[in-house]
>>> print(open('target-v7.txt').read())   # compact mmCIF, C-alpha atoms
# COMPACT_ATOMS: atom_id res chain seq x y z
CA TYR A 1 -7.63 -25.01 -5.77
CA ASP A 2 -7.50 -22.13 -8.24
CA LEU A 3 -4.25 -20.55 -7.10
CA CYS A 4 -2.41 -23.86 -7.08
CA SER A 5 -3.74 -24.94 -10.46
CA ARG A 6 -2.67 -21.74 -12.24
CA VAL A 7 0.67 -21.03 -10.55
CA ASP A 8 3.53 -23.52 -10.37
CA LEU A 9 4.45 -22.83 -6.75
CA ARG A 10 7.68 -24.81 -7.03
CA THR A 11 9.24 -22.11 -9.22
CA VAL A 12 8.80 -19.21 -6.79
CA ASN A 13 9.43 -18.76 -3.09
CA LYS A 14 7.07 -17.71 -0.31
CA LYS A 15 8.21 -14.07 -0.35
CA THR A 16 7.47 -13.77 -4.07
CA ILE A 17 4.00 -15.26 -3.67
CA GLU A 18 3.25 -12.87 -0.78
CA SER A 19 4.45 -9.89 -2.80
CA LEU A 20 2.24 -10.91 -5.73
CA ALA A 21 -0.77 -11.11 -3.43
CA LEU A 22 0.01 -7.75 -1.79
CA ALA A 23 0.37 -6.08 -5.19
CA GLY A 24 -2.94 -7.48 -6.45
CA GLY A 25 -1.52 -10.25 -8.63
CA PHE A 26 -4.29 -12.64 -7.57
CA ASP A 27 -7.19 -10.18 -7.65
CA SER A 28 -8.65 -11.93 -10.70
CA PHE A 29 -9.48 -15.00 -8.60
CA ASN A 30 -13.18 -14.88 -7.81
CA ASN A 31 -14.59 -14.56 -4.28
CA VAL A 32 -11.19 -14.09 -2.60
CA HIS A 33 -9.80 -10.76 -1.44
CA ARG A 34 -6.22 -9.94 -0.45
CA ALA A 35 -6.68 -10.02 3.31
CA GLN A 36 -7.84 -13.64 3.16
CA TYR A 37 -4.52 -14.81 1.72
CA PHE A 38 -2.79 -13.71 4.92
CA GLN A 39 -5.36 -15.03 7.38
CA THR A 40 -3.80 -17.73 9.60
CA ASN A 41 -5.17 -21.02 10.90
CA GLN A 42 -4.80 -22.55 14.35
CA ASP A 43 -1.21 -23.54 13.54
CA GLY A 44 -0.30 -19.98 12.62
CA LYS A 45 -0.01 -20.80 8.91
CA SER A 46 -1.41 -18.30 6.45
CA VAL A 47 -3.63 -19.32 3.54
CA LEU A 48 -0.71 -18.64 1.19
CA GLU A 49 1.58 -20.92 3.18
CA GLN A 50 -1.06 -23.64 3.14
CA ALA A 51 -1.57 -23.13 -0.60
CA ILE A 52 2.16 -23.44 -1.26
CA ARG A 53 2.32 -26.69 0.69
CA PHE A 54 -0.79 -28.03 -1.01
CA GLY A 55 0.47 -27.00 -4.45
CA ASN A 56 3.88 -28.59 -3.92
CA SER A 57 2.27 -31.78 -2.66
CA SER A 58 -0.09 -31.93 -5.64
CA GLN A 59 2.76 -31.44 -8.13
CA GLU A 60 4.89 -34.09 -6.43
CA GLN A 61 2.06 -36.59 -6.49
CA LYS A 62 1.47 -36.00 -10.19
CA ASN A 63 5.13 -36.56 -10.96
CA SER A 64 5.63 -39.47 -8.61
CA ALA A 65 6.17 -42.94 -10.00
CA GLN A 66 5.31 -44.53 -6.65
CA ILE A 67 1.84 -45.70 -7.58
CA SER A 68 0.38 -48.86 -6.10
CA ILE A 69 -1.25 -51.61 -8.18
CA PHE A 70 -4.58 -50.09 -7.20
CA GLY A 71 -3.61 -46.74 -8.81
CA GLU A 72 -3.30 -44.91 -5.50
CA SER A 73 -0.39 -42.74 -4.46
CA SER A 74 1.73 -43.99 -1.61
CA GLU A 75 2.35 -40.40 -0.42
CA GLU A 76 0.29 -38.69 2.24
CA GLU A 77 -2.36 -36.45 0.72
CA ILE A 78 -2.67 -32.89 2.00
CA SER A 79 -6.16 -31.47 2.10
CA GLU A 80 -7.03 -28.41 0.10
CA PRO A 81 -6.81 -25.29 2.31
CA ALA A 82 -10.09 -23.59 3.16
CA ILE A 83 -10.52 -19.87 2.57
CA PRO A 84 -11.48 -18.29 5.92
CA HIS A 85 -13.83 -15.36 6.27
CA THR A 86 -12.16 -12.08 7.22
CA GLU A 87 -12.83 -8.40 6.65
CA PRO A 88 -11.22 -6.85 3.54
CA TRP A 89 -8.44 -4.33 4.02
CA SER A 90 -9.37 -0.68 3.85
CA THR A 91 -8.49 1.19 0.66
CA MET A 92 -5.56 2.96 2.33
CA GLU A 93 -4.19 -0.24 3.85
CA LYS A 94 -4.42 -2.04 0.50
CA LEU A 95 -2.74 0.80 -1.40
CA ASN A 96 0.01 1.21 1.20
CA LYS A 97 0.87 -2.49 0.94
CA GLU A 98 1.01 -2.16 -2.86
CA LYS A 99 3.43 0.72 -2.62
CA GLU A 100 5.61 -1.10 -0.08
CA VAL A 101 6.25 -4.02 -2.43
CA VAL A 102 6.13 -2.29 -5.83
CA GLY A 103 7.05 1.32 -5.12
CA ILE A 104 3.89 2.76 -6.71
CA TYR A 105 0.14 2.59 -6.28
CA ILE A 106 -1.45 0.13 -8.72
CA SER A 107 -5.15 -0.39 -8.13
CA GLY A 108 -5.88 3.24 -7.37
CA HIS A 109 -4.61 6.30 -5.53
CA PRO A 110 -5.34 7.44 -1.96
CA LEU A 111 -6.69 10.75 -3.30
CA ASP A 112 -9.35 9.05 -5.46
CA ASP A 113 -11.92 9.42 -2.68
CA PHE A 114 -11.39 13.20 -2.74
CA LYS A 115 -11.49 13.89 -6.48
CA LEU A 116 -14.60 16.07 -6.23
CA GLU A 117 -13.11 18.18 -3.43
CA ILE A 118 -9.81 18.56 -5.29
CA GLN A 119 -11.55 19.67 -8.48
CA SER A 120 -13.75 22.10 -6.55
CA PHE A 121 -11.28 23.75 -4.16
CA CYS A 122 -7.74 23.36 -5.57
CA ASN A 123 -6.34 25.77 -8.14
CA THR A 124 -3.00 24.12 -8.87
CA ARG A 125 -0.88 20.99 -8.50
CA LEU A 126 2.14 20.39 -6.28
CA SER A 127 4.43 20.36 -9.32
CA LYS A 128 3.71 24.07 -9.80
CA LEU A 129 5.18 24.80 -6.37
CA GLN A 130 8.61 23.60 -7.50
CA ASP A 131 9.13 26.98 -9.20
CA MET A 132 8.39 29.55 -6.53
CA GLU A 133 9.45 32.46 -8.74
CA ALA A 134 6.71 31.67 -11.24
CA ILE A 135 3.96 31.89 -8.61
CA LYS A 136 5.41 34.66 -6.44
CA GLY A 137 2.63 36.79 -5.00
CA LYS A 138 -0.04 34.29 -6.03
CA GLU A 139 -2.29 32.31 -3.75
CA PHE A 140 -2.22 28.55 -4.15
CA LYS A 141 -4.58 25.83 -3.00
CA VAL A 142 -3.37 22.24 -3.19
CA ALA A 143 -4.31 18.88 -1.72
CA GLY A 144 -2.29 15.76 -1.06
CA ILE A 145 -1.46 12.92 1.27
CA VAL A 146 1.29 13.17 3.88
CA THR A 147 3.89 10.57 2.93
CA ASP A 148 6.61 11.56 5.38
CA SER A 149 7.20 13.92 8.27
CA ALA A 150 9.88 14.74 10.80
CA HIS A 151 10.18 16.78 13.96
CA ARG A 152 13.67 18.23 14.33
CA THR A 153 15.65 20.67 16.44
CA SER A 154 18.04 23.22 14.98
CA LYS A 155 21.61 23.80 16.20
CA LYS A 156 20.28 26.74 18.20
CA GLY A 157 17.78 24.47 19.94
CA ASN A 158 14.70 25.68 18.05
CA PRO A 159 12.15 23.03 17.00
CA PHE A 160 11.05 22.78 13.37
CA GLY A 161 9.21 20.32 11.16
CA ILE A 162 9.53 18.79 7.72
CA LEU A 163 6.36 17.80 5.91
CA THR A 164 6.27 15.81 2.66
CA ILE A 165 3.02 15.87 0.70
CA GLU A 166 2.24 13.90 -2.46
CA ASP A 167 -0.52 14.32 -5.03
CA TYR A 168 -1.19 12.37 -8.25
CA ASN A 169 1.90 13.57 -10.07
CA ASP A 170 4.48 14.96 -7.70
CA SER A 171 5.58 15.53 -4.11
CA ILE A 172 7.02 18.48 -2.24
CA GLN A 173 8.57 19.22 1.15
CA PHE A 174 7.41 22.01 3.40
CA PHE A 175 9.70 23.25 6.19
CA LEU A 176 7.85 24.69 9.16
CA PHE A 177 9.66 27.04 11.53
CA SER A 178 8.80 29.16 14.58
CA ASP A 179 5.09 30.00 14.87
CA ASP A 180 4.20 28.00 11.77
CA TYR A 181 5.62 24.86 13.34
CA VAL A 182 3.80 25.46 16.63
CA LYS A 183 0.55 26.07 14.74
CA PHE A 184 0.71 23.19 12.26
CA LYS A 185 2.90 20.50 13.89
CA ASP A 186 -0.14 18.34 14.70
CA TYR A 187 -0.71 17.89 10.96
CA LEU A 188 2.67 16.20 10.43
CA VAL A 189 1.14 12.73 10.40
CA PRO A 190 1.91 10.25 7.56
CA GLY A 191 -1.29 9.04 5.93
CA TRP A 192 -3.26 12.21 6.61
CA PHE A 193 -4.99 14.02 3.76
CA LEU A 194 -4.34 17.75 3.76
CA PHE A 195 -5.70 20.78 1.98
CA VAL A 196 -2.99 23.47 1.93
CA GLN A 197 -3.71 27.08 1.19
CA GLY A 198 -0.93 29.67 1.08
CA LYS A 199 0.82 32.46 -0.74
CA VAL A 200 4.39 32.76 -1.97
CA VAL A 201 6.02 35.86 -0.45
CA GLU A 202 9.57 37.13 -0.31
>>> encode(input="target-v7.txt", output="structure tokens")
Amino acid sequence: YDLCSRVDLRTVNKKTIESLALAGGFDSFNNVHRAQYFQTNQDGKSVLEQAIRFGNSSQEQKNSAQISIFGESSEEEISEPAIPHTEPWSTMEKLNKEKEVVGIYISGHPLDDFKLEIQSFCNTRLSKLQDMEAIKGKEFKVAGIVTDSAHRTSKKGNPFGILTIEDYNDSIQFFLFSDDYVKFKDYLVPGWFLFVQGKVVE
């Protein structure tokens, strides 16, 4: 079993192994994709849990001195876990799991599927919006993924929204009040891809 033969599973715990799989640490193993490592059997044990048990058993048997005169181990042998068939995770699901365990995207970026559209329709990056004075009076067109959003109510009882958008290099928060909030509140959905067109005015 490839994973067990290359990784000494006695030196790391289950959480570490799962994090490695989520971050793509085992992507070099042929014919196995990340979703399969977390597929469970009839006993509710994932492939990773079965691999850990199999790996530990194999290591113990190698190191055991309890060998019979016939050269057979006296310990119970655990069968090699089978890799079940399951659908791969979507690109977004895979990237989100990477970011959850590592803090950054590793194998790609959610905006990769929209590179052509970004190059064709956007005229700036989110980082440029950090200095509003520099682009005052200018129209901007940016694209990004919604990473966070919130629906709030002010002290006066007026609803407003906070929208966080991220592109390849930076992120920025937009605060939506009054009519803007009513008009655009349905777009405050984490995971959505947005094209934002606007103009900086006083």
>>> atom_distance(input="target-v7.txt", atom1="atom CA of A:Gln61", atom2="atom CA of A:Asp27")
28.0 Å
>>> atom_distance(input="target-v7.txt", atom1="atom CA of A:Glu139", atom2="atom CA of A:Pro159")
26.9 Å
>>> residues_around(input="target-v7.txt", residues="A:His33", least_positions_apart="5", cutoff="12 Å", atoms="all atoms listed in the file", output="MDAnalysis selection string")
chainID A and resid 21:28 38:39 47 83:90 94
>>> closest_residue(input="target-v7.txt", among="A:Ala82, A:Leu194, A:Leu48, A:Leu163", to="A:Leu176", atoms="all atoms listed in the file")
A:Leu163
>>> atom_distance(input="target-v7.txt", atom1="atom CA of A:Lys128", atom2="atom CA of A:Thr91")
28.0 Å
>>> closest_residue(input="target-v7.txt", among="A:Gln36, A:Gln197, A:Gln173, A:Ser19", to="A:Thr124", atoms="all atoms listed in the file")
A:Gln197
>>> closest_residue(input="target-v7.txt", among="A:Phe174, A:Lys97, A:Val196, A:Gly103", to="A:Asn123", atoms="all atoms listed in the file")
A:Val196
>>> closest_residue(input="target-v7.txt", among="A:Gly198, A:Asn96, A:Ala51, A:Ile165", to="A:Asp180", atoms="only C-alpha atoms")
A:Gly198
>>> closest_residue(input="target-v7.txt", among="A:Ser120, A:Ser178, A:Ser107, A:Gln42", to="A:Gly157", atoms="only C-alpha atoms")
A:Ser178
>>> residues_near_point(input="target-v7.txt", point="(4.4, 11.3, 3.9)", cutoff="10 Å", atoms="only C-alpha atoms", output="ChimeraX atom specification")
/A:144-150,162-166,171-173,188-193
>>> write_last_selection(input="target-v7.txt", atoms="C-alpha atoms", output="short mmCIF file (atom, residue, chain, number, x, y, z; two decimals), in the frame of the given file")
data_model
loop_
_atom_site.label_atom_id
_atom_site.label_comp_id
_atom_site.auth_asym_id
_atom_site.auth_seq_id
_atom_site.Cartn_x
_atom_site.Cartn_y
_atom_site.Cartn_z
CA GLY A 144 -2.29 15.76 -1.06
CA ILE A 145 -1.46 12.92 1.27
CA VAL A 146 1.29 13.17 3.88
CA THR A 147 3.89 10.57 2.93
CA ASP A 148 6.61 11.56 5.38
CA SER A 149 7.20 13.92 8.27
CA ALA A 150 9.88 14.74 10.80
CA ILE A 162 9.53 18.79 7.72
CA LEU A 163 6.36 17.80 5.91
CA THR A 164 6.27 15.81 2.66
CA ILE A 165 3.02 15.87 0.70
CA GLU A 166 2.24 13.90 -2.46
CA SER A 171 5.58 15.53 -4.11
CA ILE A 172 7.02 18.48 -2.24
CA GLN A 173 8.57 19.22 1.15
CA LEU A 188 2.67 16.20 10.43
CA VAL A 189 1.14 12.73 10.40
CA PRO A 190 1.91 10.25 7.56
CA GLY A 191 -1.29 9.04 5.93
CA TRP A 192 -3.26 12.21 6.61
CA PHE A 193 -4.99 14.02 3.76
#
>>> closest_residue(input="target-v7.txt", among="A:His151, A:Lys136, A:Lys156, A:Lys45", to="A:Val182", atoms="only C-alpha atoms")
A:His151
>>> residues_around(input="target-v7.txt", residues="A:Ile135", least_positions_apart="3", cutoff="7 Å", atoms="only C-alpha atoms", output="MDAnalysis selection string")
chainID A and resid 132 138 200
>>> residues_around(input="target-v7.txt", residues="A:Glu49", least_positions_apart="2", cutoff="10 Å", atoms="only C-alpha atoms", output="VMD selection string")
chain A and resid 14 17 to 18 37 to 38 40 44 to 47 51 to 55 81
